[in-house]
$ cat target-v4.cif   # mmCIF, C-alpha atoms and all ligand atoms
data_target
loop_
_atom_site.group_PDB
_atom_site.id
_atom_site.type_symbol
_atom_site.label_atom_id
_atom_site.label_comp_id
_atom_site.auth_asym_id
_atom_site.auth_seq_id
_atom_site.Cartn_x
_atom_site.Cartn_y
_atom_site.Cartn_z
ATOM 1 C CA MET A 1 -137.821 78.839 39.995
ATOM 2 C CA GLU A 2 -135.918 78.575 43.268
ATOM 3 C CA GLY A 3 -136.864 81.866 44.934
ATOM 4 C CA ILE A 4 -135.082 85.123 44.213
ATOM 5 C CA PRO A 5 -132.064 84.413 42.034
ATOM 6 C CA GLN A 6 -128.478 84.721 43.200
ATOM 7 C CA ARG A 7 -126.943 87.983 42.056
ATOM 8 C CA PRO A 8 -123.232 87.732 41.413
ATOM 9 C CA LYS A 9 -122.916 91.487 40.925
ATOM 10 C CA HIS A 10 -125.086 94.582 41.022
ATOM 11 C CA THR A 11 -127.745 94.320 38.306
ATOM 12 C CA ALA A 12 -126.965 97.761 36.808
ATOM 13 C CA GLU A 13 -123.306 96.792 36.495
ATOM 14 C CA LEU A 14 -124.256 93.481 34.904
ATOM 15 C CA LEU A 15 -126.519 95.215 32.351
ATOM 16 C CA GLN A 16 -123.691 97.576 31.409
ATOM 17 C CA GLU A 17 -121.351 94.624 30.908
ATOM 18 C CA ILE A 18 -123.924 92.763 28.801
ATOM 19 C CA LEU A 19 -124.501 95.881 26.697
ATOM 20 C CA GLN A 20 -120.773 96.096 25.956
ATOM 21 C CA ARG A 21 -120.583 92.383 25.137
ATOM 22 C CA THR A 22 -123.498 92.849 22.725
ATOM 23 C CA GLN A 23 -121.951 95.915 21.085
ATOM 24 C CA ALA A 24 -118.833 93.861 20.389
ATOM 25 C CA LEU A 25 -120.839 91.415 18.229
ATOM 26 C CA PRO A 26 -121.775 92.069 14.578
ATOM 27 C CA ASN A 27 -125.185 93.782 14.350
ATOM 28 C CA GLU A 28 -126.871 90.994 12.375
ATOM 29 C CA GLY A 29 -130.360 90.850 10.844
ATOM 30 C CA ALA A 30 -132.487 93.514 9.187
ATOM 31 C CA VAL A 31 -134.942 96.158 10.389
ATOM 32 C CA ALA A 32 -138.569 95.449 9.473
ATOM 33 C CA ASN A 33 -139.307 97.166 6.159
ATOM 34 C CA TYR A 34 -142.723 95.785 5.249
ATOM 35 C CA ILE A 35 -144.036 98.717 7.296
ATOM 36 C CA PRO A 36 -141.948 101.479 5.621
ATOM 37 C CA ALA A 37 -142.041 103.849 8.628
ATOM 38 C CA LEU A 38 -140.290 101.200 10.735
ATOM 39 C CA ALA A 39 -137.385 101.008 8.267
ATOM 40 C CA LYS A 40 -136.374 104.565 9.193
ATOM 41 C CA VAL A 41 -135.227 103.660 12.703
ATOM 42 C CA ASP A 42 -131.489 103.807 13.498
ATOM 43 C CA PRO A 43 -130.469 100.103 13.497
ATOM 44 C CA ASN A 44 -127.732 100.731 16.053
ATOM 45 C CA HIS A 45 -130.028 101.503 18.960
ATOM 46 C CA LEU A 46 -129.427 99.150 21.848
ATOM 47 C CA GLY A 47 -131.018 99.342 25.275
ATOM 48 C CA ILE A 48 -132.106 97.203 28.198
ATOM 49 C CA ALA A 49 -134.079 97.762 31.402
ATOM 50 C CA VAL A 50 -134.896 95.520 34.337
ATOM 51 C CA ALA A 51 -137.790 96.617 36.560
ATOM 52 C CA GLU A 52 -137.867 94.746 39.861
ATOM 53 C CA LEU A 53 -141.040 94.288 41.885
ATOM 54 C CA ASP A 54 -139.789 96.541 44.688
ATOM 55 C CA GLY A 55 -139.722 99.478 42.249
ATOM 56 C CA LYS A 56 -135.992 99.452 41.421
ATOM 57 C CA VAL A 57 -135.298 99.975 37.717
ATOM 58 C CA HIS A 58 -131.844 99.194 36.283
ATOM 59 C CA ILE A 59 -130.932 100.405 32.816
ATOM 60 C CA ALA A 60 -128.165 100.400 30.226
ATOM 61 C CA GLY A 61 -127.888 102.041 26.789
ATOM 62 C CA ASP A 62 -130.953 103.447 25.009
ATOM 63 C CA ALA A 63 -133.422 102.220 27.635
ATOM 64 C CA GLN A 64 -135.291 105.515 27.828
ATOM 65 C CA ILE A 65 -135.827 106.147 24.109
ATOM 66 C CA PRO A 66 -139.388 105.338 22.911
ATOM 67 C CA PHE A 67 -139.723 102.863 20.025
ATOM 68 C CA SER A 68 -142.614 101.220 18.192
ATOM 69 C CA ILE A 69 -143.905 98.464 20.493
ATOM 70 C CA GLN A 70 -145.665 96.600 17.650
ATOM 71 C CA SER A 71 -146.650 93.092 18.754
ATOM 72 C CA ILE A 72 -145.788 93.712 22.393
ATOM 73 C CA SER A 73 -149.089 95.651 22.356
ATOM 74 C CA LYS A 74 -150.820 92.268 21.982
ATOM 75 C CA ILE A 75 -150.180 91.648 25.698
ATOM 76 C CA PHE A 76 -152.004 94.837 26.695
ATOM 77 C CA GLY A 77 -154.927 94.192 24.325
ATOM 78 C CA LEU A 78 -155.268 90.609 25.545
ATOM 79 C CA THR A 79 -155.189 91.556 29.229
ATOM 80 C CA LEU A 80 -157.919 94.138 28.714
ATOM 81 C CA ALA A 81 -160.051 91.744 26.624
ATOM 82 C CA MET A 82 -159.708 88.860 29.127
ATOM 83 C CA GLU A 83 -160.935 91.149 31.876
ATOM 84 C CA ARG A 84 -163.725 92.568 29.744
ATOM 85 C CA VAL A 85 -165.183 89.466 28.055
ATOM 86 C CA GLY A 86 -163.953 86.629 30.285
ATOM 87 C CA ASP A 87 -163.746 83.007 29.111
ATOM 88 C CA GLN A 88 -165.996 83.594 26.068
ATOM 89 C CA LEU A 89 -162.869 84.854 24.360
ATOM 90 C CA TRP A 90 -161.602 81.251 24.111
ATOM 91 C CA ASN A 91 -164.488 80.314 21.815
ATOM 92 C CA ARG A 92 -162.987 82.632 19.222
ATOM 93 C CA VAL A 93 -159.235 82.188 19.612
ATOM 94 C CA ARG A 94 -157.243 79.178 20.815
ATOM 95 C CA MET A 95 -154.135 78.873 22.994
ATOM 96 C CA GLU A 96 -151.915 76.645 20.859
ATOM 97 C CA PRO A 97 -148.586 77.455 19.196
ATOM 98 C CA SER A 98 -149.166 78.033 15.486
ATOM 99 C CA GLY A 99 -146.065 76.542 13.904
ATOM 100 C CA HIS A 100 -146.444 79.222 11.210
ATOM 101 C CA ALA A 101 -145.215 82.793 10.696
ATOM 102 C CA PHE A 102 -146.881 85.544 12.743
ATOM 103 C CA ASN A 103 -148.868 86.833 9.758
ATOM 104 C CA SER A 104 -149.572 83.516 8.023
ATOM 105 C CA ILE A 105 -152.946 83.035 6.334
ATOM 106 C CA VAL A 106 -152.993 79.334 5.329
ATOM 107 C CA GLN A 107 -153.764 77.826 8.734
ATOM 108 C CA LEU A 108 -156.667 80.224 9.278
ATOM 109 C CA GLU A 109 -158.539 78.863 6.248
ATOM 110 C CA TRP A 110 -158.079 75.232 7.318
ATOM 111 C CA GLU A 111 -159.146 76.023 10.845
ATOM 112 C CA HIS A 112 -162.348 77.880 9.919
ATOM 113 C CA GLY A 113 -161.267 81.381 10.920
ATOM 114 C CA ILE A 114 -160.321 80.487 14.524
ATOM 115 C CA PRO A 115 -156.749 81.708 15.128
ATOM 116 C CA ARG A 116 -154.284 79.470 16.956
ATOM 117 C CA ASN A 117 -153.455 82.000 19.690
ATOM 118 C CA PRO A 118 -153.806 85.709 20.602
ATOM 119 C CA PHE A 119 -150.142 86.500 19.857
ATOM 120 C CA ILE A 120 -150.184 85.835 16.112
ATOM 121 C CA ASN A 121 -151.693 88.658 14.069
ATOM 122 C CA ALA A 122 -155.001 86.887 13.373
ATOM 123 C CA GLY A 123 -155.526 86.231 17.096
ATOM 124 C CA ALA A 124 -154.666 89.807 18.018
ATOM 125 C CA ILE A 125 -157.167 91.037 15.411
ATOM 126 C CA VAL A 126 -159.922 88.946 17.096
ATOM 127 C CA VAL A 127 -158.876 90.483 20.430
ATOM 128 C CA ALA A 128 -159.010 93.947 18.809
ATOM 129 C CA ASP A 129 -162.545 93.102 17.601
ATOM 130 C CA THR A 130 -163.692 92.333 21.157
ATOM 131 C CA LEU A 131 -162.255 95.663 22.350
ATOM 132 C CA VAL A 132 -163.875 97.618 19.508
ATOM 133 C CA SER A 133 -167.198 95.877 20.271
ATOM 134 C CA HIS A 134 -167.055 96.413 24.051
ATOM 135 C CA TYR A 135 -165.726 99.971 24.411
ATOM 136 C CA SER A 136 -167.182 103.206 23.050
ATOM 137 C CA SER A 137 -163.594 104.181 22.237
ATOM 138 C CA SER A 138 -161.338 101.133 22.346
ATOM 139 C CA ARG A 139 -158.267 103.155 21.355
ATOM 140 C CA ALA A 140 -158.745 105.630 24.211
ATOM 141 C CA ALA A 141 -159.396 102.769 26.673
ATOM 142 C CA LEU A 142 -156.226 100.949 25.657
ATOM 143 C CA THR A 143 -154.096 104.097 25.753
ATOM 144 C CA GLN A 144 -155.382 104.943 29.222
ATOM 145 C CA PHE A 145 -154.764 101.369 30.391
ATOM 146 C CA ILE A 146 -151.150 101.454 29.166
ATOM 147 C CA ARG A 147 -150.398 104.941 30.539
ATOM 148 C CA ASN A 148 -151.742 103.884 33.902
ATOM 149 C CA LEU A 149 -149.679 100.668 33.936
ATOM 150 C CA ALA A 150 -146.481 102.467 32.964
ATOM 151 C CA GLN A 151 -147.274 105.432 35.237
ATOM 152 C CA ASN A 152 -146.373 107.612 32.272
ATOM 153 C CA PRO A 153 -149.093 109.996 31.039
ATOM 154 C CA ILE A 154 -147.217 110.981 27.894
ATOM 155 C CA ILE A 155 -147.100 107.585 26.195
ATOM 156 C CA PHE A 156 -148.181 108.320 22.629
ATOM 157 C CA VAL A 157 -149.024 106.812 19.283
ATOM 158 C CA ASP A 158 -146.613 107.441 16.442
ATOM 159 C CA GLU A 159 -149.017 108.780 13.796
ATOM 160 C CA VAL A 160 -146.522 108.183 10.982
ATOM 161 C CA VAL A 161 -146.186 104.489 11.893
ATOM 162 C CA TRP A 162 -149.981 104.191 12.322
ATOM 163 C CA GLU A 163 -150.559 105.629 8.837
ATOM 164 C CA SER A 164 -147.805 103.453 7.353
ATOM 165 C CA GLU A 165 -149.411 100.313 8.842
ATOM 166 C CA ARG A 166 -152.766 101.311 7.379
ATOM 167 C CA GLU A 167 -151.267 101.861 3.941
ATOM 168 C CA HIS A 168 -149.266 98.639 3.953
ATOM 169 C CA GLY A 169 -151.616 96.416 5.950
ATOM 170 C CA ALA A 170 -152.993 94.296 3.094
ATOM 171 C CA ARG A 171 -152.030 91.009 4.763
ATOM 172 C CA ASN A 172 -153.641 91.970 8.076
ATOM 173 C CA ALA A 173 -156.731 93.119 6.171
ATOM 174 C CA ALA A 174 -156.801 89.727 4.410
ATOM 175 C CA LEU A 175 -156.708 87.946 7.799
ATOM 176 C CA ALA A 176 -159.512 90.148 9.148
ATOM 177 C CA TYR A 177 -161.798 89.707 6.112
ATOM 178 C CA LEU A 178 -161.168 85.954 6.068
ATOM 179 C CA MET A 179 -162.213 85.759 9.742
ATOM 180 C CA LYS A 180 -165.253 87.955 9.005
ATOM 181 C CA SER A 181 -166.276 85.419 6.348
ATOM 182 C CA PHE A 182 -166.248 82.761 9.110
ATOM 183 C CA ASN A 183 -168.289 85.091 11.395
ATOM 184 C CA ASN A 184 -165.361 85.481 13.774
ATOM 185 C CA ILE A 185 -165.259 89.296 13.500
ATOM 186 C CA GLU A 186 -168.285 91.127 14.926
ATOM 187 C CA ALA A 187 -167.521 94.801 14.392
ATOM 188 C CA ASN A 188 -166.759 96.659 11.194
ATOM 189 C CA VAL A 189 -163.500 95.287 9.749
ATOM 190 C CA VAL A 190 -162.118 98.769 8.997
ATOM 191 C CA ASP A 191 -162.638 99.828 12.635
ATOM 192 C CA VAL A 192 -161.049 96.618 13.928
ATOM 193 C CA LEU A 193 -157.991 97.039 11.709
ATOM 194 C CA ASP A 194 -157.699 100.679 12.683
ATOM 195 C CA HIS A 195 -157.593 99.672 16.363
ATOM 196 C CA TYR A 196 -155.053 96.918 15.653
ATOM 197 C CA PHE A 197 -152.751 99.233 13.663
ATOM 198 C CA TYR A 198 -153.115 101.912 16.341
ATOM 199 C CA GLN A 199 -152.023 99.648 19.180
ATOM 200 C CA CYS A 200 -149.023 98.395 17.175
ATOM 201 C CA ALA A 201 -147.965 102.025 16.556
ATOM 202 C CA ILE A 202 -147.781 102.955 20.254
ATOM 203 C CA SER A 203 -144.301 104.140 21.272
ATOM 204 C CA MET A 204 -142.762 103.161 24.606
ATOM 205 C CA SER A 205 -139.253 102.849 26.000
ATOM 206 C CA CYS A 206 -137.681 99.769 27.607
ATOM 207 C CA VAL A 207 -138.265 101.407 30.998
ATOM 208 C CA ASP A 208 -141.968 102.045 30.209
ATOM 209 C CA LEU A 209 -142.476 98.458 29.035
ATOM 210 C CA ALA A 210 -140.613 96.802 31.894
ATOM 211 C CA ARG A 211 -142.523 98.853 34.464
ATOM 212 C CA SER A 212 -145.908 98.461 32.809
ATOM 213 C CA LEU A 213 -145.845 94.638 32.777
ATOM 214 C CA GLY A 214 -144.882 94.162 36.433
ATOM 215 C CA PHE A 215 -148.337 92.719 37.191
ATOM 216 C CA LEU A 216 -147.451 89.629 35.133
ATOM 217 C CA ALA A 217 -144.579 88.902 37.533
ATOM 218 C CA ASN A 218 -146.750 89.632 40.569
ATOM 219 C CA ARG A 219 -149.906 87.463 40.235
ATOM 220 C CA GLY A 220 -151.844 90.270 38.561
ATOM 221 C CA VAL A 221 -151.166 93.043 41.083
ATOM 222 C CA GLN A 222 -149.310 96.055 39.703
ATOM 223 C CA PRO A 223 -146.191 96.717 41.789
ATOM 224 C CA GLY A 224 -146.032 100.217 43.154
ATOM 225 C CA THR A 225 -149.715 101.098 42.856
ATOM 226 C CA GLY A 226 -151.080 97.797 44.275
ATOM 227 C CA GLU A 227 -153.864 97.893 41.684
ATOM 228 C CA VAL A 228 -155.353 94.513 40.690
ATOM 229 C CA ILE A 229 -154.945 94.373 36.909
ATOM 230 C CA CYS A 230 -156.109 90.782 36.457
ATOM 231 C CA ASP A 231 -156.653 87.755 38.654
ATOM 232 C CA PRO A 232 -153.907 85.166 39.330
ATOM 233 C CA ARG A 233 -155.559 82.684 36.939
ATOM 234 C CA SER A 234 -155.478 85.160 34.027
ATOM 235 C CA THR A 235 -151.897 86.099 34.923
ATOM 236 C CA ARG A 236 -150.816 82.448 34.741
ATOM 237 C CA ARG A 237 -152.642 82.013 31.456
ATOM 238 C CA ILE A 238 -151.064 85.078 29.821
ATOM 239 C CA ASN A 239 -147.598 83.985 30.963
ATOM 240 C CA ALA A 240 -148.255 80.436 29.714
ATOM 241 C CA MET A 241 -149.255 81.694 26.262
ATOM 242 C CA MET A 242 -146.252 84.019 26.150
ATOM 243 C CA SER A 243 -144.068 80.980 26.889
ATOM 244 C CA THR A 244 -145.610 78.856 24.146
ATOM 245 C CA SER A 245 -146.357 81.508 21.478
ATOM 246 C CA GLY A 246 -144.887 84.916 22.400
ATOM 247 C CA MET A 247 -141.744 84.474 20.312
ATOM 248 C CA TYR A 248 -143.715 83.159 17.343
ATOM 249 C CA ASP A 249 -142.092 80.230 15.616
ATOM 250 C CA GLN A 250 -139.025 80.575 17.822
ATOM 251 C CA SER A 251 -140.929 80.140 21.094
ATOM 252 C CA GLY A 252 -139.601 76.616 21.603
ATOM 253 C CA GLU A 253 -136.012 77.739 21.138
ATOM 254 C CA PHE A 254 -136.546 80.676 23.498
ATOM 255 C CA ALA A 255 -137.998 78.394 26.194
ATOM 256 C CA PHE A 256 -135.100 75.990 25.650
ATOM 257 C CA THR A 257 -132.332 78.597 25.849
ATOM 258 C CA VAL A 258 -133.814 81.312 28.107
ATOM 259 C CA GLY A 259 -136.824 79.834 29.896
ATOM 260 C CA LEU A 260 -138.986 82.913 30.455
ATOM 261 C CA PRO A 261 -142.445 83.981 29.212
ATOM 262 C CA ALA A 262 -141.631 86.580 26.547
ATOM 263 C CA LYS A 263 -143.044 88.633 23.705
ATOM 264 C CA GLY A 264 -141.241 90.250 20.807
ATOM 265 C CA GLY A 265 -142.350 92.900 18.312
ATOM 266 C CA VAL A 266 -141.091 93.840 14.848
ATOM 267 C CA GLY A 267 -139.988 97.227 16.232
ATOM 268 C CA GLY A 268 -137.138 95.235 17.844
ATOM 269 C CA GLY A 269 -138.508 95.303 21.394
ATOM 270 C CA LEU A 270 -138.553 92.168 23.536
ATOM 271 C CA VAL A 271 -140.060 91.743 27.006
ATOM 272 C CA ALA A 272 -139.523 88.792 29.355
ATOM 273 C CA VAL A 273 -141.399 88.152 32.599
ATOM 274 C CA VAL A 274 -139.595 86.727 35.625
ATOM 275 C CA PRO A 275 -142.286 85.624 38.119
ATOM 276 C CA ASP A 276 -141.740 87.011 41.628
ATOM 277 C CA TYR A 277 -138.784 89.073 40.439
ATOM 278 C CA GLY A 278 -139.680 91.591 37.709
ATOM 279 C CA VAL A 279 -139.661 92.285 33.980
ATOM 280 C CA ILE A 280 -136.777 92.630 31.512
ATOM 281 C CA CYS A 281 -137.146 94.664 28.316
ATOM 282 C CA ALA A 282 -134.490 94.845 25.602
ATOM 283 C CA TRP A 283 -134.509 96.817 22.349
ATOM 284 C CA SER A 284 -132.444 96.482 19.199
ATOM 285 C CA PRO A 285 -134.232 97.076 15.855
ATOM 286 C CA LYS A 286 -132.603 94.431 13.646
ATOM 287 C CA LEU A 287 -134.674 91.236 13.415
ATOM 288 C CA ASN A 288 -133.991 87.614 12.541
ATOM 289 C CA SER A 289 -136.076 85.676 10.030
ATOM 290 C CA TYR A 290 -138.740 84.886 12.688
ATOM 291 C CA GLY A 291 -139.376 88.602 13.318
ATOM 292 C CA ASN A 292 -137.592 88.630 16.706
ATOM 293 C CA SER A 293 -134.836 91.066 17.707
ATOM 294 C CA TYR A 294 -131.404 89.462 17.205
ATOM 295 C CA ARG A 295 -129.502 91.395 19.830
ATOM 296 C CA GLY A 296 -132.556 91.702 22.092
ATOM 297 C CA MET A 297 -132.658 87.914 22.369
ATOM 298 C CA PHE A 298 -128.935 87.776 23.006
ATOM 299 C CA MET A 299 -129.148 90.319 25.825
ATOM 300 C CA ILE A 300 -132.116 88.727 27.562
ATOM 301 C CA ARG A 301 -130.477 85.316 27.336
ATOM 302 C CA GLN A 302 -127.347 86.724 28.963
ATOM 303 C CA VAL A 303 -129.307 88.329 31.816
ATOM 304 C CA ALA A 304 -131.314 85.140 32.395
ATOM 305 C CA GLU A 305 -128.186 82.966 32.437
ATOM 306 C CA GLU A 306 -126.122 85.258 34.662
ATOM 307 C CA LEU A 307 -128.932 85.735 37.171
ATOM 308 C CA GLY A 308 -130.265 82.172 36.937
ATOM 309 C CA LEU A 309 -133.778 83.298 36.021
ATOM 310 C CA SER A 310 -135.244 80.434 33.960
ATOM 311 C CA VAL A 311 -138.661 79.381 35.264
ATOM 312 C CA TYR A 312 -137.751 75.789 34.432
ATOM 313 C CA SER A 313 -134.790 75.486 36.803
HETATM 314 N N1 LIG B 1 -147.869 95.627 13.154
HETATM 315 C C1 LIG B 1 -147.181 94.391 12.881
HETATM 316 C C2 LIG B 1 -147.984 93.572 11.906
HETATM 317 O O1 LIG B 1 -149.162 93.531 12.024
HETATM 318 C C3 LIG B 1 -146.943 93.658 14.157
HETATM 319 C C4 LIG B 1 -146.144 92.376 13.972
HETATM 320 C C5 LIG B 1 -145.115 92.130 15.034
HETATM 321 O O2 LIG B 1 -144.668 93.019 15.765
HETATM 322 O O3 LIG B 1 -144.677 90.972 15.136
HETATM 323 O O4 LIG B 1 -147.487 92.966 11.006
#

$ encode --input "target-v4.cif" --output "structure tokens"
Amino acid sequence: MEGIPQRPKHTAELLQEILQRTQALPNEGAVANYIPALAKVDPNHLGIAVAELDGKVHIAGDAQIPFSIQSISKIFGLTLAMERVGDQLWNRVRMEPSGHAFNSIVQLEWEHGIPRNPFINAGAIVVADTLVSHYSSSRAALTQFIRNLAQNPIIFVDEVVWESEREHGARNAALAYLMKSFNNIEANVVDVLDHYFYQCAISMSCVDLARSLGFLANRGVQPGTGEVICDPRSTRRINAMMSTSGMYDQSGEFAFTVGLPAKGGVGGGLVAVVPDYGVICAWSPKLNSYGNSYRGMFMIRQVAEELGLSVYS
């Protein structure tokens, strides 16, 4: 990236314009319904926030309404686990794109219970296992970590979504038990799944998410507080894996068209890291067939193009 991008207009004004452009398009896709509590969300929500490293936050639309962060939580879990267990983690989960759906089981059997990367469900369940095994209360540790990053003490877990994930989590349970059979889950499977479902059910707004992930754009140092969240090597590694696997089976297309490390969740949230600049978070609940937010992708692509943010330019 060639330094701080050129800004043709004030960022807040640009976000407002992009929001209107997006509202003018048909609201394509479908809200996730395999977790019934997620199907109850209003599909017309649309919001975007950009948190810059100097503390400025620009918003448009529903950027301050909390939503279910779902797989975006995998970034927080991974950061905590990398700090806690170090490079041993990479004996249990790899760093390759999967080429399969986020909750696919087939590859895991062929590859002896070692998930392709920490951003597919199987990989995030291994990460959850390390947290359950290394903390007396992994859920409390993760919640505290996230609240501290977002500087928002009222970030909460949506109990209805948590319960709904537990009730309808057969596929995730299958992944966890399959990995247990290959000795790649150490703790009790029920506890590991409970942690995984809990972290997916955390609610945050676009503003919370964009602010909380600033350290990934700042070599591991959290803007504002100056706290070292992880070292520059871990920061590079997390961003690299977000670039290759964060958008699941659409990661290649996202790199091709947008060019930013990113992570989507089935709640319709999407975060993108712009090194040395800040973090963008968009939210629109309707998803495409890969499980990524339709309009969220459109909005982030527009911001990246207008501000010239691709890391590959
Ligand atoms: N809780 C979801 C699941 O395990 C997360 C998936 C996602 O957001 O992509 O299926």

$ closest_atom_pairs --input "target-v4.cif" --of "chain A" --to "ligand LIG 1 (chain B)" --cutoff "10 Å" --atoms "all atoms listed in the file" --output "JSON lines"
{"residue": "A:Ala32", "atom": "CA", "partner": "B:LIG1", "partner_atom": "O2", "distance": 9.1}
{"residue": "A:Tyr34", "atom": "CA", "partner": "B:LIG1", "partner_atom": "O4", "distance": 8.0}
{"residue": "A:Ile35", "atom": "CA", "partner": "B:LIG1", "partner_atom": "N1", "distance": 7.7}
{"residue": "A:Leu38", "atom": "CA", "partner": "B:LIG1", "partner_atom": "N1", "distance": 9.7}
{"residue": "A:Ser68", "atom": "CA", "partner": "B:LIG1", "partner_atom": "O2", "distance": 8.8}
{"residue": "A:Ile69", "atom": "CA", "partner": "B:LIG1", "partner_atom": "O2", "distance": 7.3}
{"residue": "A:Gln70", "atom": "CA", "partner": "B:LIG1", "partner_atom": "O2", "distance": 4.2}
{"residue": "A:Ser71", "atom": "CA", "partner": "B:LIG1", "partner_atom": "O2", "distance": 3.6}
{"residue": "A:Ile72", "atom": "CA", "partner": "B:LIG1", "partner_atom": "O2", "distance": 6.8}
{"residue": "A:Ser73", "atom": "CA", "partner": "B:LIG1", "partner_atom": "O2", "distance": 8.4}
{"residue": "A:Lys74", "atom": "CA", "partner": "B:LIG1", "partner_atom": "O2", "distance": 8.8}
{"residue": "A:Ala101", "atom": "CA", "partner": "B:LIG1", "partner_atom": "O3", "distance": 9.3}
{"residue": "A:Phe102", "atom": "CA", "partner": "B:LIG1", "partner_atom": "O3", "distance": 6.3}
{"residue": "A:Asn103", "atom": "CA", "partner": "B:LIG1", "partner_atom": "O4", "distance": 6.4}
{"residue": "A:Phe119", "atom": "CA", "partner": "B:LIG1", "partner_atom": "O3", "distance": 8.5}
{"residue": "A:Ile120", "atom": "CA", "partner": "B:LIG1", "partner_atom": "O3", "distance": 7.6}
{"residue": "A:Asn121", "atom": "CA", "partner": "B:LIG1", "partner_atom": "O1", "distance": 5.9}
{"residue": "A:Ala122", "atom": "CA", "partner": "B:LIG1", "partner_atom": "O1", "distance": 8.9}
{"residue": "A:Ala124", "atom": "CA", "partner": "B:LIG1", "partner_atom": "O1", "distance": 8.9}
{"residue": "A:Ile125", "atom": "CA", "partner": "B:LIG1", "partner_atom": "O1", "distance": 9.0}
{"residue": "A:Val161", "atom": "CA", "partner": "B:LIG1", "partner_atom": "N1", "distance": 9.1}
{"residue": "A:Trp162", "atom": "CA", "partner": "B:LIG1", "partner_atom": "N1", "distance": 8.9}
{"residue": "A:Ser164", "atom": "CA", "partner": "B:LIG1", "partner_atom": "N1", "distance": 9.7}
{"residue": "A:Glu165", "atom": "CA", "partner": "B:LIG1", "partner_atom": "N1", "distance": 6.6}
{"residue": "A:Arg166", "atom": "CA", "partner": "B:LIG1", "partner_atom": "N1", "distance": 9.5}
{"residue": "A:His168", "atom": "CA", "partner": "B:LIG1", "partner_atom": "O4", "distance": 9.2}
{"residue": "A:Gly169", "atom": "CA", "partner": "B:LIG1", "partner_atom": "O1", "distance": 7.2}
{"residue": "A:Ala170", "atom": "CA", "partner": "B:LIG1", "partner_atom": "O4", "distance": 9.7}
{"residue": "A:Arg171", "atom": "CA", "partner": "B:LIG1", "partner_atom": "O4", "distance": 8.0}
{"residue": "A:Asn172", "atom": "CA", "partner": "B:LIG1", "partner_atom": "O1", "distance": 6.2}
{"residue": "A:Ala173", "atom": "CA", "partner": "B:LIG1", "partner_atom": "O1", "distance": 9.6}
{"residue": "A:Leu193", "atom": "CA", "partner": "B:LIG1", "partner_atom": "O1", "distance": 9.5}
{"residue": "A:Tyr196", "atom": "CA", "partner": "B:LIG1", "partner_atom": "O1", "distance": 7.7}
{"residue": "A:Phe197", "atom": "CA", "partner": "B:LIG1", "partner_atom": "N1", "distance": 6.1}
{"residue": "A:Tyr198", "atom": "CA", "partner": "B:LIG1", "partner_atom": "N1", "distance": 8.8}
{"residue": "A:Gln199", "atom": "CA", "partner": "B:LIG1", "partner_atom": "N1", "distance": 8.4}
{"residue": "A:Cys200", "atom": "CA", "partner": "B:LIG1", "partner_atom": "N1", "distance": 5.0}
{"residue": "A:Ala201", "atom": "CA", "partner": "B:LIG1", "partner_atom": "N1", "distance": 7.2}
{"residue": "A:Gly246", "atom": "CA", "partner": "B:LIG1", "partner_atom": "O3", "distance": 9.5}
{"residue": "A:Met247", "atom": "CA", "partner": "B:LIG1", "partner_atom": "O3", "distance": 8.8}
{"residue": "A:Tyr248", "atom": "CA", "partner": "B:LIG1", "partner_atom": "O3", "distance": 8.2}
{"residue": "A:Lys263", "atom": "CA", "partner": "B:LIG1", "partner_atom": "O3", "distance": 9.0}
{"residue": "A:Gly264", "atom": "CA", "partner": "B:LIG1", "partner_atom": "O3", "distance": 6.7}
{"residue": "A:Gly265", "atom": "CA", "partner": "B:LIG1", "partner_atom": "O2", "distance": 3.4}
{"residue": "A:Val266", "atom": "CA", "partner": "B:LIG1", "partner_atom": "O2", "distance": 3.8}
{"residue": "A:Gly267", "atom": "CA", "partner": "B:LIG1", "partner_atom": "O2", "distance": 6.3}
{"residue": "A:Gly268", "atom": "CA", "partner": "B:LIG1", "partner_atom": "O2", "distance": 8.1}
{"residue": "A:Gly269", "atom": "CA", "partner": "B:LIG1", "partner_atom": "O2", "distance": 8.7}
{"residue": "A:Leu270", "atom": "CA", "partner": "B:LIG1", "partner_atom": "O2", "distance": 9.9}
{"residue": "A:Tyr290", "atom": "CA", "partner": "B:LIG1", "partner_atom": "O3", "distance": 8.8}
{"residue": "A:Gly291", "atom": "CA", "partner": "B:LIG1", "partner_atom": "O3", "distance": 6.1}
{"residue": "A:Asn292", "atom": "CA", "partner": "B:LIG1", "partner_atom": "O3", "distance": 7.6}

$ closest_residue --input "target-v4.cif" --among "A:Ile146, A:Ala140, A:Val303, A:Ala12" --to "His58 of chain A" --atoms "all atoms listed in the file"
A:Ala12

$ resolve_selection --input "target-v4.cif" --expression "the PyMOL selection byres (((chain A and resi 79) around 12) and not hetatm)" --output "VMD selection string"
chain A and resid 72 to 78 80 to 86 89 118 to 119 124 127 to 128 130 to 131 142 145 to 146 149 213 215 to 216 220 228 to 231 233 to 239 241

$ closest_residue --input "target-v4.cif" --among "A:Met242, A:Ile300, A:Ala24, A:Gln107" --to "Met95 of chain A" --atoms "all atoms listed in the file"
A:Met242

$ closest_residue --input "target-v4.cif" --among "A:Ala30, A:Val132, A:Ser245, A:Ile114" --to "Glu186 of chain A" --atoms "all atoms listed in the file"
A:Val132

$ closest_residue --input "target-v4.cif" --among "A:Ser293, A:Asn27, A:Thr225, A:Ser284" --to "Asp54 of chain A" --atoms "only C-alpha atoms"
A:Thr225

$ axis_aligned_box --input "target-v4.cif" --around "segment 181-196 of chain A" --padding-each-side "3 Å" --output "JSON"
{"center_x": -161.7, "center_y": 91.7, "center_z": 11.4, "size_x": 19.2, "size_y": 23.9, "size_z": 16.0}

$ resolve_selection --input "target-v4.cif" --expression "the PyMOL selection byres (((chain A and resi 64) around 8) and not hetatm)" --output "ChimeraX atom specification"
/A:47,62-63,65-66,205-208
